[in-house]
Amino acid sequence: MKPGIHPAYRPVVFRDKAGNFAILTRSTMTSEKTIEWEDGHTYPVVDVEISSASHPFYTGTARVLDTAGRVERFERRYGRDGGRR
């Protein structure tokens with residue numbers, strides 16, 4: 001690598017406040033905020049809007065919104081198994 005052209009790659013804490021979840025990893029992201037981690041060291045912290053701790057797909061709270069009844073019509077027409085008989 002050429003010296004002086006790459007951003008610093010260092011430990012950073014990514015925190016999801018909605019999911020009450022934080023992870024220490026390495027990144028080139030920067031932040032003015034810092035946090036003291038479990039190991040006693042202080043690291044920059046980057047707050048994220050959503051992570052696997054709060055995303056509906058990963059938490060199992062995802063819902064299928066079906067206002068037109070398409071799913072029910074499909075199940076009536078082809079059965080619950082999707083037509084595999």
# chains A, B, ... in the order shown; residues from 1 in each chain; ligands from 1
>>> closest_atom_pairs(of="segment 38-57 of chain A", to="segment 27-31 of chain A", cutoff="9 Å", atoms="only C-alpha atoms", output="Markdown table")
| residue | atom | partner | partner_atom | distance |
| --- | --- | --- | --- | --- |
| A:Pro44 | CA | A:Ser31 | CA | 5.6 |
| A:Val45 | CA | A:Ser31 | CA | 6.3 |
| A:Val46 | CA | A:Ser31 | CA | 6.2 |
>>> write_last_selection(atoms="C-alpha atoms", output="PDB file, in the first residue's frame")
ATOM      1  CA  PRO A  44     -14.758   6.072  19.037  1.00  0.00           C
ATOM      2  CA  VAL A  45     -18.462   5.197  18.883  1.00  0.00           C
ATOM      3  CA  VAL A  46     -20.684   5.374  15.779  1.00  0.00           C
TER       4      VAL A  46
END
>>> residues_around(residues="Thr25 of chain A", least_positions_apart="3", cutoff="9 Å", atoms="only C-alpha atoms", output="ChimeraX atom specification")
/A:10-14
>>> write_last_selection(atoms="N, CA and C atoms", output="CSV table (one decimal), in the first residue's frame")
chain,number,residue,atom,x,y,z
A,10,ARG,N,-8.8,1.3,12.4
A,10,ARG,CA,-8.7,1.1,13.9
A,10,ARG,C,-9.9,0.6,14.5
A,11,PRO,N,-9.9,0.2,15.8
A,11,PRO,CA,-11.0,-0.3,16.5
A,11,PRO,C,-12.1,0.8,16.6
A,12,VAL,N,-13.4,0.5,16.4
A,12,VAL,CA,-14.5,1.4,16.5
A,12,VAL,C,-15.7,0.6,17.1
A,13,VAL,N,-16.4,1.3,17.9
A,13,VAL,CA,-17.6,0.6,18.5
A,13,VAL,C,-18.8,1.1,17.7
A,14,PHE,N,-19.6,0.2,17.1
A,14,PHE,CA,-20.9,0.5,16.5
A,14,PHE,C,-22.0,0.2,17.5
>>> atom_distance(atom1="atom CA of Ala8 of chain A", atom2="atom CA of Glu38 of chain A")
22.8 Å
>>> select_by_dssp(residues="segment 5-53 of chain A", states="strand (DSSP E or B)", output="number ranges by chain")
A: 10-16, 21-27, 34-36, 42-48
>>> write_last_selection(atoms="N, CA and C atoms", output="PDB file, in the first residue's frame")
ATOM      1  N   ARG A  10      -8.842   1.301  12.420  1.00  0.00           N
ATOM      2  CA  ARG A  10      -8.652   1.133  13.855  1.00  0.00           C
ATOM      3  C   ARG A  10      -9.927   0.582  14.499  1.00  0.00           C
ATOM      4  N   PRO A  11      -9.853   0.187  15.771  1.00  0.00           N
ATOM      5  CA  PRO A  11     -11.046  -0.307  16.473  1.00  0.00           C
ATOM      6  C   PRO A  11     -12.086   0.804  16.644  1.00  0.00           C
ATOM      7  N   VAL A  12     -13.352   0.469  16.379  1.00  0.00           N
ATOM      8  CA  VAL A  12     -14.477   1.395  16.512  1.00  0.00           C
ATOM      9  C   VAL A  12     -15.657   0.604  17.074  1.00  0.00           C
ATOM     10  N   VAL A  13     -16.449   1.258  17.920  1.00  0.00           N
ATOM     11  CA  VAL A  13     -17.649   0.632  18.469  1.00  0.00           C
ATOM     12  C   VAL A  13     -18.842   1.124  17.657  1.00  0.00           C
ATOM     13  N   PHE A  14     -19.637   0.203  17.138  1.00  0.00           N
ATOM     14  CA  PHE A  14     -20.894   0.531  16.472  1.00  0.00           C
ATOM     15  C   PHE A  14     -22.004   0.229  17.462  1.00  0.00           C
ATOM     16  N   ARG A  15     -22.860   1.241  17.719  1.00  0.00           N
ATOM     17  CA  ARG A  15     -23.898   1.110  18.744  1.00  0.00           C
ATOM     18  C   ARG A  15     -25.275   1.335  18.127  1.00  0.00           C
ATOM     19  N   ASP A  16     -26.169   0.384  18.397  1.00  0.00           N
ATOM     20  CA  ASP A  16     -27.571   0.493  17.995  1.00  0.00           C
ATOM     21  C   ASP A  16     -28.356   0.792  19.263  1.00  0.00           C
ATOM     22  N   PHE A  21     -27.607  -2.566  21.758  1.00  0.00           N
ATOM     23  CA  PHE A  21     -26.604  -3.494  21.261  1.00  0.00           C
ATOM     24  C   PHE A  21     -25.394  -2.706  20.785  1.00  0.00           C
ATOM     25  N   ALA A  22     -24.213  -3.179  21.089  1.00  0.00           N
ATOM     26  CA  ALA A  22     -22.985  -2.542  20.623  1.00  0.00           C
ATOM     27  C   ALA A  22     -21.978  -3.624  20.283  1.00  0.00           C
ATOM     28  N   ILE A  23     -21.138  -3.345  19.301  1.00  0.00           N
ATOM     29  CA  ILE A  23     -20.118  -4.305  18.885  1.00  0.00           C
ATOM     30  C   ILE A  23     -18.825  -3.548  18.606  1.00  0.00           C
ATOM     31  N   LEU A  24     -17.740  -4.124  19.045  1.00  0.00           N
ATOM     32  CA  LEU A  24     -16.417  -3.569  18.797  1.00  0.00           C
ATOM     33  C   LEU A  24     -15.836  -4.266  17.587  1.00  0.00           C
ATOM     34  N   THR A  25     -15.486  -3.496  16.580  1.00  0.00           N
ATOM     35  CA  THR A  25     -14.907  -4.045  15.364  1.00  0.00           C
ATOM     36  C   THR A  25     -13.886  -3.050  14.840  1.00  0.00           C
ATOM     37  N   ARG A  26     -13.294  -3.329  13.703  1.00  0.00           N
ATOM     38  CA  ARG A  26     -12.333  -2.402  13.107  1.00  0.00           C
ATOM     39  C   ARG A  26     -12.966  -1.735  11.906  1.00  0.00           C
ATOM     40  N   SER A  27     -12.683  -0.443  11.746  1.00  0.00           N
ATOM     41  CA  SER A  27     -13.282   0.317  10.661  1.00  0.00           C
ATOM     42  C   SER A  27     -12.445   1.556  10.375  1.00  0.00           C
ATOM     43  N   THR A  34     -16.921   9.195  22.050  1.00  0.00           N
ATOM     44  CA  THR A  34     -16.157   8.034  22.486  1.00  0.00           C
ATOM     45  C   THR A  34     -16.948   7.276  23.540  1.00  0.00           C
ATOM     46  N   ILE A  35     -16.544   6.037  23.772  1.00  0.00           N
ATOM     47  CA  ILE A  35     -17.187   5.192  24.776  1.00  0.00           C
ATOM     48  C   ILE A  35     -16.106   4.339  25.419  1.00  0.00           C
ATOM     49  N   GLU A  36     -16.274   4.073  26.715  1.00  0.00           N
ATOM     50  CA  GLU A  36     -15.348   3.171  27.387  1.00  0.00           C
ATOM     51  C   GLU A  36     -15.900   1.761  27.242  1.00  0.00           C
ATOM     52  N   THR A  42     -10.841   3.258  25.730  1.00  0.00           N
ATOM     53  CA  THR A  42     -11.806   4.188  25.152  1.00  0.00           C
ATOM     54  C   THR A  42     -11.703   4.118  23.641  1.00  0.00           C
ATOM     55  N   TYR A  43     -12.862   3.960  22.968  1.00  0.00           N
ATOM     56  CA  TYR A  43     -12.915   3.838  21.515  1.00  0.00           C
ATOM     57  C   TYR A  43     -13.911   4.846  20.953  1.00  0.00           C
ATOM     58  N   PRO A  44     -13.726   5.252  19.687  1.00  0.00           N
ATOM     59  CA  PRO A  44     -14.758   6.072  19.037  1.00  0.00           C
ATOM     60  C   PRO A  44     -16.028   5.251  18.876  1.00  0.00           C
ATOM     61  N   VAL A  45     -17.189   5.905  19.004  1.00  0.00           N
ATOM     62  CA  VAL A  45     -18.462   5.197  18.883  1.00  0.00           C
ATOM     63  C   VAL A  45     -19.261   5.819  17.742  1.00  0.00           C
ATOM     64  N   VAL A  46     -19.842   4.947  16.896  1.00  0.00           N
ATOM     65  CA  VAL A  46     -20.684   5.374  15.779  1.00  0.00           C
ATOM     66  C   VAL A  46     -22.083   4.828  16.060  1.00  0.00           C
ATOM     67  N   ASP A  47     -23.063   5.735  16.171  1.00  0.00           N
ATOM     68  CA  ASP A  47     -24.445   5.319  16.402  1.00  0.00           C
ATOM     69  C   ASP A  47     -25.106   4.987  15.067  1.00  0.00           C
ATOM     70  N   VAL A  48     -25.756   3.828  15.020  1.00  0.00           N
ATOM     71  CA  VAL A  48     -26.440   3.393  13.801  1.00  0.00           C
ATOM     72  C   VAL A  48     -27.936   3.339  14.065  1.00  0.00           C
TER      73      VAL A  48
END
